[in-house]
Amino acid sequence: MPETASPLITLRQDIASACQQAGRDPDSVTLLAVSKTRTAGELAALADQGQHDFGENYLQEALDKMEALAQRDLVWHFIGPIQSNKTRDIAARFDWVHSVDRLKIARRLSEQRPAGLSPLNVCIQVNVDDEDSKSGVPLADVAALAEEVAALPNLTLRGLMAIPRADSNDSNRGAFRRLAMTLSQLRNTMPALDTLSMGMSADFAVAIEEGATVVRLGTALFGPRPAR
Ligand SMILES: *Cc1c(COP(=O)(O)O)cnc(C)c1O
């Protein structure tokens with residue numbers, strides 16, 4: 001059988017060429033493997049190819065995989081909606097949370113981050129399309145929430161995340177640009193912010209052109225998701 005390039009290798013090349021197009025250093029973009037619904041074995045296969053960062057949406061499923069993969073040195077990102085009763089485990093077990101969209105959740109994550117662990121890295125999830133139905137803080141409220149989150153002792157605010165409404169007309173370029181502008185404004189007072197978590201399988205190249213530092217890839221990496 002001839003060797004075919006794995007999706008991970010192909011995607012790394014795609015990310016590198018998008019960076020090159022945009023005049024950016026390829027190391028400035030992290031590939032986050034979105035592994036919801038995938039088995040621990042599938043994650044292990046990627047880890048064998050050098051993939052460290054994994055993004056999960058469902059707590060119990062994530063905890064099971066963490067246990068199965070405990071021998072490996074992986075970085076776990078929580079990227080799904082957060083209910084209050086899940087914050088304790090999220091604070092204890094994850095390295096990053098991308099989906100903070102209200103102060104109450106941020107406070108709980110900070111209070112429940114175990115002593116002895118480094119502060120939890122968090123991004124504020126922004127509703128870049130200002131849709132009523134979507135999670136994420138409205139653009140107009142980002143600055144106020146960012147200040148409050150940044151003041152919490154056991155969190156490190158790293159930046160912003162968004163899941164734009166799929167807009168096939170411009171591959172979400174407008175939404176990515178709004179998020180990038182918002183981060184750039186925040187950086188006037190919070191220069192340490194360094195993370196723009198945006199871009200998924202269908203639009204990551206555009207997101208990289210617009211400044212993404214983390215692209216979250218599921219189907220491009222693993223194929224179509226099985227029903228859950
Ligand atoms: C599922 C998911 C992704 C990955 O989406 P794909 O289109 O499969 O790449 C990225 N981000 C979040 C928040 C998700 O829930």
# chains A, B, ... in the order shown; residues from 1 in each chain; ligands from 1
$ closest_atom_pairs --of "chain A" --to "ligand 1" --cutoff "9 Å" --atoms "only C-alpha atoms and all ligand atoms" --output "Markdown table"
| residue | atom | partner | partner_atom_place_in_ligand_line | distance |
| --- | --- | --- | --- | --- |
| A:Leu32 | CA | ligand 1 | 10 (C) | 8.6 |
| A:Ala33 | CA | ligand 1 | 4 (C) | 8.1 |
| A:Val34 | CA | ligand 1 | 4 (C) | 5.4 |
| A:Ser35 | CA | ligand 1 | 1 (C) | 7.9 |
| A:Lys36 | CA | ligand 1 | 1 (C) | 6.8 |
| A:Gly55 | CA | ligand 1 | 11 (N) | 7.9 |
| A:Glu56 | CA | ligand 1 | 15 (O) | 7.8 |
| A:Asn57 | CA | ligand 1 | 15 (O) | 6.1 |
| A:Phe78 | CA | ligand 1 | 13 (C) | 8.7 |
| A:Ile79 | CA | ligand 1 | 13 (C) | 5.0 |
| A:Gly80 | CA | ligand 1 | 13 (C) | 5.8 |
| A:Pro81 | CA | ligand 1 | 13 (C) | 8.5 |
| A:His98 | CA | ligand 1 | 13 (C) | 8.1 |
| A:Ser99 | CA | ligand 1 | 13 (C) | 7.8 |
| A:Met161 | CA | ligand 1 | 13 (C) | 8.6 |
| A:Ala162 | CA | ligand 1 | 13 (C) | 7.8 |
| A:Ile163 | CA | ligand 1 | 13 (C) | 6.3 |
| A:Ser197 | CA | ligand 1 | 11 (N) | 8.8 |
| A:Met198 | CA | ligand 1 | 11 (N) | 7.9 |
| A:Gly199 | CA | ligand 1 | 10 (C) | 7.5 |
| A:Met200 | CA | ligand 1 | 9 (O) | 4.2 |
| A:Ser201 | CA | ligand 1 | 9 (O) | 3.7 |
| A:Ala202 | CA | ligand 1 | 7 (O) | 6.1 |
| A:Asp203 | CA | ligand 1 | 7 (O) | 8.5 |
| A:Phe204 | CA | ligand 1 | 9 (O) | 8.6 |
| A:Val215 | CA | ligand 1 | 10 (C) | 7.9 |
| A:Arg216 | CA | ligand 1 | 10 (C) | 4.6 |
| A:Leu217 | CA | ligand 1 | 9 (O) | 3.8 |
| A:Gly218 | CA | ligand 1 | 8 (O) | 3.5 |
| A:Thr219 | CA | ligand 1 | 8 (O) | 3.8 |
| A:Ala220 | CA | ligand 1 | 9 (O) | 5.9 |
| A:Leu221 | CA | ligand 1 | 9 (O) | 7.6 |
| A:Phe222 | CA | ligand 1 | 8 (O) | 8.2 |
| A:Gly223 | CA | ligand 1 | 8 (O) | 8.1 |
| A:Pro224 | CA | ligand 1 | 8 (O) | 7.5 |
| A:Arg225 | CA | ligand 1 | 8 (O) | 7.3 |
$ select_by_dssp --residues "chain A" --states "alpha helix (DSSP H)" --output "PyMOL selection string"
chain A and resi 7-21+40-48+59-68+87-93+103-112+142-150+173-186+204-209+219-222
$ select_by_dssp --residues "segment 21-130 of chain A" --states "strand (DSSP E or B)" --output "VMD selection string"
chain A and resid 30 to 34 53 to 56 75 to 78 96 to 100 120 to 127
$ write_last_selection --atoms "N, CA, C and O atoms" --output "CSV table (one decimal), in the first residue's frame"
chain,number,residue,atom,x,y,z
A,30,THR,N,-1.8,27.8,16.3
A,30,THR,CA,-1.9,26.5,16.9
A,30,THR,C,-3.1,25.7,16.3
A,30,THR,O,-4.2,26.3,16.1
A,31,LEU,N,-2.8,24.5,15.9
A,31,LEU,CA,-3.9,23.6,15.4
A,31,LEU,C,-4.5,22.9,16.6
A,31,LEU,O,-3.8,22.1,17.3
A,32,LEU,N,-5.8,23.3,16.9
A,32,LEU,CA,-6.5,22.6,18.0
A,32,LEU,C,-7.3,21.5,17.4
A,32,LEU,O,-8.2,21.8,16.5
A,33,ALA,N,-7.1,20.3,17.7
A,33,ALA,CA,-7.8,19.1,17.2
A,33,ALA,C,-9.1,19.0,18.0
A,33,ALA,O,-9.1,18.7,19.2
A,34,VAL,N,-10.3,19.3,17.3
A,34,VAL,CA,-11.6,19.2,18.0
A,34,VAL,C,-12.0,17.8,17.9
A,34,VAL,O,-12.4,17.3,16.9
A,53,ASP,N,-2.7,19.4,21.3
A,53,ASP,CA,-3.8,20.2,21.8
A,53,ASP,C,-5.1,19.6,21.3
A,53,ASP,O,-5.3,19.4,20.1
A,54,PHE,N,-6.0,19.3,22.2
A,54,PHE,CA,-7.3,18.7,21.9
A,54,PHE,C,-8.4,19.5,22.5
A,54,PHE,O,-8.3,20.0,23.6
A,55,GLY,N,-9.5,19.7,21.7
A,55,GLY,CA,-10.6,20.5,22.2
A,55,GLY,C,-11.8,19.7,22.3
A,55,GLY,O,-12.2,18.9,21.4
A,56,GLU,N,-12.5,19.8,23.5
A,56,GLU,CA,-13.7,18.9,23.8
A,56,GLU,C,-14.8,19.8,24.2
A,56,GLU,O,-14.7,20.9,24.8
A,75,VAL,N,-2.6,18.7,26.0
A,75,VAL,CA,-3.2,20.0,26.5
A,75,VAL,C,-4.6,20.0,26.1
A,75,VAL,O,-5.0,19.8,24.9
A,76,TRP,N,-5.5,20.1,27.2
A,76,TRP,CA,-6.9,20.0,27.0
A,76,TRP,C,-7.6,21.3,27.0
A,76,TRP,O,-7.4,22.1,27.9
A,77,HIS,N,-8.5,21.6,26.0
A,77,HIS,CA,-9.2,22.8,25.8
A,77,HIS,C,-10.7,22.5,25.9
A,77,HIS,O,-11.2,21.7,25.1
A,78,PHE,N,-11.4,23.2,26.8
A,78,PHE,CA,-12.8,23.1,26.8
A,78,PHE,C,-13.4,24.2,25.9
A,78,PHE,O,-13.1,25.4,26.0
A,96,TRP,N,-7.2,25.0,29.2
A,96,TRP,CA,-7.8,26.2,28.6
A,96,TRP,C,-9.3,26.0,28.6
A,96,TRP,O,-9.8,24.9,28.5
A,97,VAL,N,-10.0,27.2,28.6
A,97,VAL,CA,-11.4,27.3,28.4
A,97,VAL,C,-11.6,28.4,27.4
A,97,VAL,O,-11.2,29.5,27.6
A,98,HIS,N,-12.2,28.1,26.2
A,98,HIS,CA,-12.4,29.1,25.2
A,98,HIS,C,-13.8,29.7,25.2
A,98,HIS,O,-14.0,30.7,24.5
A,99,SER,N,-14.7,29.2,26.0
A,99,SER,CA,-16.1,29.5,25.9
A,99,SER,C,-16.7,30.3,27.1
A,99,SER,O,-17.8,30.1,27.5
A,100,VAL,N,-15.9,31.1,27.7
A,100,VAL,CA,-16.4,31.9,28.8
A,100,VAL,C,-17.2,33.1,28.3
A,100,VAL,O,-16.7,33.9,27.5
A,120,LEU,N,-5.8,29.0,35.1
A,120,LEU,CA,-6.5,28.5,33.9
A,120,LEU,C,-6.5,29.5,32.8
A,120,LEU,O,-6.9,30.7,33.0
A,121,ASN,N,-6.1,29.1,31.6
A,121,ASN,CA,-6.1,30.0,30.4
A,121,ASN,C,-7.5,30.1,29.9
A,121,ASN,O,-8.2,29.1,29.6
A,122,VAL,N,-8.0,31.3,29.7
A,122,VAL,CA,-9.4,31.5,29.2
A,122,VAL,C,-9.5,32.5,28.1
A,122,VAL,O,-8.7,33.5,28.0
A,123,CYS,N,-10.5,32.2,27.2
A,123,CYS,CA,-10.8,33.2,26.2
A,123,CYS,C,-12.3,33.5,26.4
A,123,CYS,O,-13.1,32.7,26.9
A,124,ILE,N,-12.7,34.7,26.1
A,124,ILE,CA,-14.1,35.2,26.1
A,124,ILE,C,-14.7,34.8,24.8
A,124,ILE,O,-14.1,35.2,23.7
A,125,GLN,N,-15.8,34.1,24.8
A,125,GLN,CA,-16.5,33.8,23.6
A,125,GLN,C,-17.4,35.0,23.2
A,125,GLN,O,-18.2,35.4,24.0
A,126,VAL,N,-17.2,35.5,22.0
A,126,VAL,CA,-17.9,36.7,21.5
A,126,VAL,C,-19.0,36.3,20.5
A,126,VAL,O,-18.7,35.5,19.6
A,127,ASN,N,-20.1,36.9,20.6
A,127,ASN,CA,-21.2,36.7,19.6
A,127,ASN,C,-20.9,37.8,18.5
A,127,ASN,O,-21.5,38.9,18.5
$ residues_around --residues "Thr37 of chain A" --least-positions-apart "4" --cutoff "9 Å" --atoms "only C-alpha atoms" --output "PDB file with N, CA, C and O atoms, in the first residue's frame"
ATOM      1  N   GLU A  56     -12.489  19.764  23.465  1.00  0.00           N
ATOM      2  CA  GLU A  56     -13.662  18.941  23.759  1.00  0.00           C
ATOM      3  C   GLU A  56     -14.840  19.824  24.153  1.00  0.00           C
ATOM      4  O   GLU A  56     -14.667  20.870  24.783  1.00  0.00           O
ATOM      5  N   TYR A  58     -17.940  18.275  25.494  1.00  0.00           N
ATOM      6  CA  TYR A  58     -18.824  17.608  26.443  1.00  0.00           C
ATOM      7  C   TYR A  58     -17.985  17.075  27.589  1.00  0.00           C
ATOM      8  O   TYR A  58     -17.058  16.280  27.373  1.00  0.00           O
ATOM      9  N   GLU A  61     -17.609  13.073  28.462  1.00  0.00           N
ATOM     10  CA  GLU A  61     -16.867  12.427  27.378  1.00  0.00           C
ATOM     11  C   GLU A  61     -15.376  12.800  27.457  1.00  0.00           C
ATOM     12  O   GLU A  61     -14.492  11.952  27.290  1.00  0.00           O
ATOM     13  N   ARG A 225     -18.434  13.839  11.411  1.00  0.00           N
ATOM     14  CA  ARG A 225     -18.673  13.405  12.786  1.00  0.00           C
ATOM     15  C   ARG A 225     -19.795  12.385  12.838  1.00  0.00           C
ATOM     16  O   ARG A 225     -20.832  12.574  12.226  1.00  0.00           O
ATOM     17  N   PRO A 226     -19.588  11.293  13.591  1.00  0.00           N
ATOM     18  CA  PRO A 226     -20.695  10.372  13.835  1.00  0.00           C
ATOM     19  C   PRO A 226     -21.764  11.057  14.672  1.00  0.00           C
ATOM     20  O   PRO A 226     -21.440  11.974  15.433  1.00  0.00           O
ATOM     21  N   ALA A 227     -23.000  10.629  14.543  1.00  0.00           N
ATOM     22  CA  ALA A 227     -24.064  11.185  15.373  1.00  0.00           C
ATOM     23  C   ALA A 227     -23.769  10.846  16.820  1.00  0.00           C
ATOM     24  O   ALA A 227     -23.190   9.801  17.113  1.00  0.00           O
ATOM     25  N   ARG A 228     -24.156  11.743  17.724  1.00  0.00           N
ATOM     26  CA  ARG A 228     -23.824  11.536  19.108  1.00  0.00           C
ATOM     27  C   ARG A 228     -25.005  10.981  19.858  1.00  0.00           C
ATOM     28  O   ARG A 228     -26.107  11.421  19.696  1.00  0.00           O
TER      29      ARG A 228
END
$ residues_around --residues "Ala144 of chain A" --least-positions-apart "6" --cutoff "12 Å" --atoms "only C-alpha atoms" --output "ChimeraX atom specification"
/A:101-103,124,137-138,150-151,186,189
$ write_last_selection --atoms "N, CA, C and O atoms" --output "mmCIF file, in the first residue's frame"
data_model
loop_
_atom_site.group_PDB
_atom_site.id
_atom_site.type_symbol
_atom_site.label_atom_id
_atom_site.label_comp_id
_atom_site.auth_asym_id
_atom_site.auth_seq_id
_atom_site.Cartn_x
_atom_site.Cartn_y
_atom_site.Cartn_z
ATOM 1 N N ASP A 101 -18.480 33.137 28.660
ATOM 2 C CA ASP A 101 -19.301 34.215 28.116
ATOM 3 C C ASP A 101 -20.094 34.962 29.180
ATOM 4 O O ASP A 101 -20.952 35.774 28.854
ATOM 5 N N ARG A 102 -19.807 34.670 30.456
ATOM 6 C CA ARG A 102 -20.430 35.471 31.508
ATOM 7 C C ARG A 102 -19.581 35.429 32.771
ATOM 8 O O ARG A 102 -18.848 34.470 33.014
ATOM 9 N N LEU A 103 -19.731 36.487 33.562
ATOM 10 C CA LEU A 103 -18.878 36.651 34.738
ATOM 11 C C LEU A 103 -19.095 35.550 35.756
ATOM 12 O O LEU A 103 -18.158 35.076 36.387
ATOM 13 N N ILE A 124 -12.664 34.748 26.094
ATOM 14 C CA ILE A 124 -14.062 35.165 26.129
ATOM 15 C C ILE A 124 -14.686 34.847 24.776
ATOM 16 O O ILE A 124 -14.132 35.205 23.726
ATOM 17 N N VAL A 137 -20.761 36.666 24.310
ATOM 18 C CA VAL A 137 -21.106 37.990 24.799
ATOM 19 C C VAL A 137 -21.193 38.943 23.599
ATOM 20 O O VAL A 137 -20.407 38.817 22.651
ATOM 21 N N PRO A 138 -22.161 39.856 23.594
ATOM 22 C CA PRO A 138 -22.246 40.803 22.471
ATOM 23 C C PRO A 138 -20.969 41.643 22.379
ATOM 24 O O PRO A 138 -20.335 41.933 23.400
ATOM 25 N N ALA A 150 -10.184 39.519 33.727
ATOM 26 C CA ALA A 150 -8.730 39.682 33.902
ATOM 27 C C ALA A 150 -8.361 39.890 35.365
ATOM 28 O O ALA A 150 -7.239 39.592 35.772
ATOM 29 N N ALA A 151 -9.310 40.378 36.151
ATOM 30 C CA ALA A 151 -9.030 40.646 37.563
ATOM 31 C C ALA A 151 -9.143 39.394 38.436
ATOM 32 O O ALA A 151 -8.776 39.430 39.611
ATOM 33 N N LEU A 186 -8.731 45.805 22.782
ATOM 34 C CA LEU A 186 -8.475 45.389 24.168
ATOM 35 C C LEU A 186 -6.991 45.458 24.499
ATOM 36 O O LEU A 186 -6.604 45.761 25.628
ATOM 37 N N THR A 189 -5.185 48.306 26.460
ATOM 38 C CA THR A 189 -5.078 48.316 27.917
ATOM 39 C C THR A 189 -4.594 46.976 28.482
ATOM 40 O O THR A 189 -4.195 46.901 29.637
#
$ residues_around --residues "Met190 of chain A" --least-positions-apart "4" --cutoff "10 Å" --atoms "only C-alpha atoms" --output "PyMOL selection string"
chain A and resi 146-147+150+157-159+183-186+194
$ atom_distance --atom1 "atom CA of Pro191 of chain A" --atom2 "atom CA of Glu148 of chain A"
15.7 Å
$ residues_around --residues "segment 5-22 of chain A" --least-positions-apart "6" --cutoff "7 Å" --atoms "only C-alpha atoms" --output "MDAnalysis selection string"
chainID A and resid 205 208:209 221
$ closest_residue --among "A:Glu111, A:Arg177, A:Ser118, A:Arg72" --to "Phe94 of chain A" --atoms "only C-alpha atoms"
A:Ser118
$ atom_distance --atom1 "atom CA of Ala115 of chain A" --atom2 "atom CA of Leu63 of chain A"
19.9 Å
$ atom_distance --atom1 "atom CA of Arg165 of chain A" --atom2 "atom CA of Ala180 of chain A"
16.2 Å
$ closest_residue --among "A:Ala106, A:Ser135, A:Arg173, A:Leu117" --to "Val149 of chain A" --atoms "only C-alpha atoms"
A:Ala106
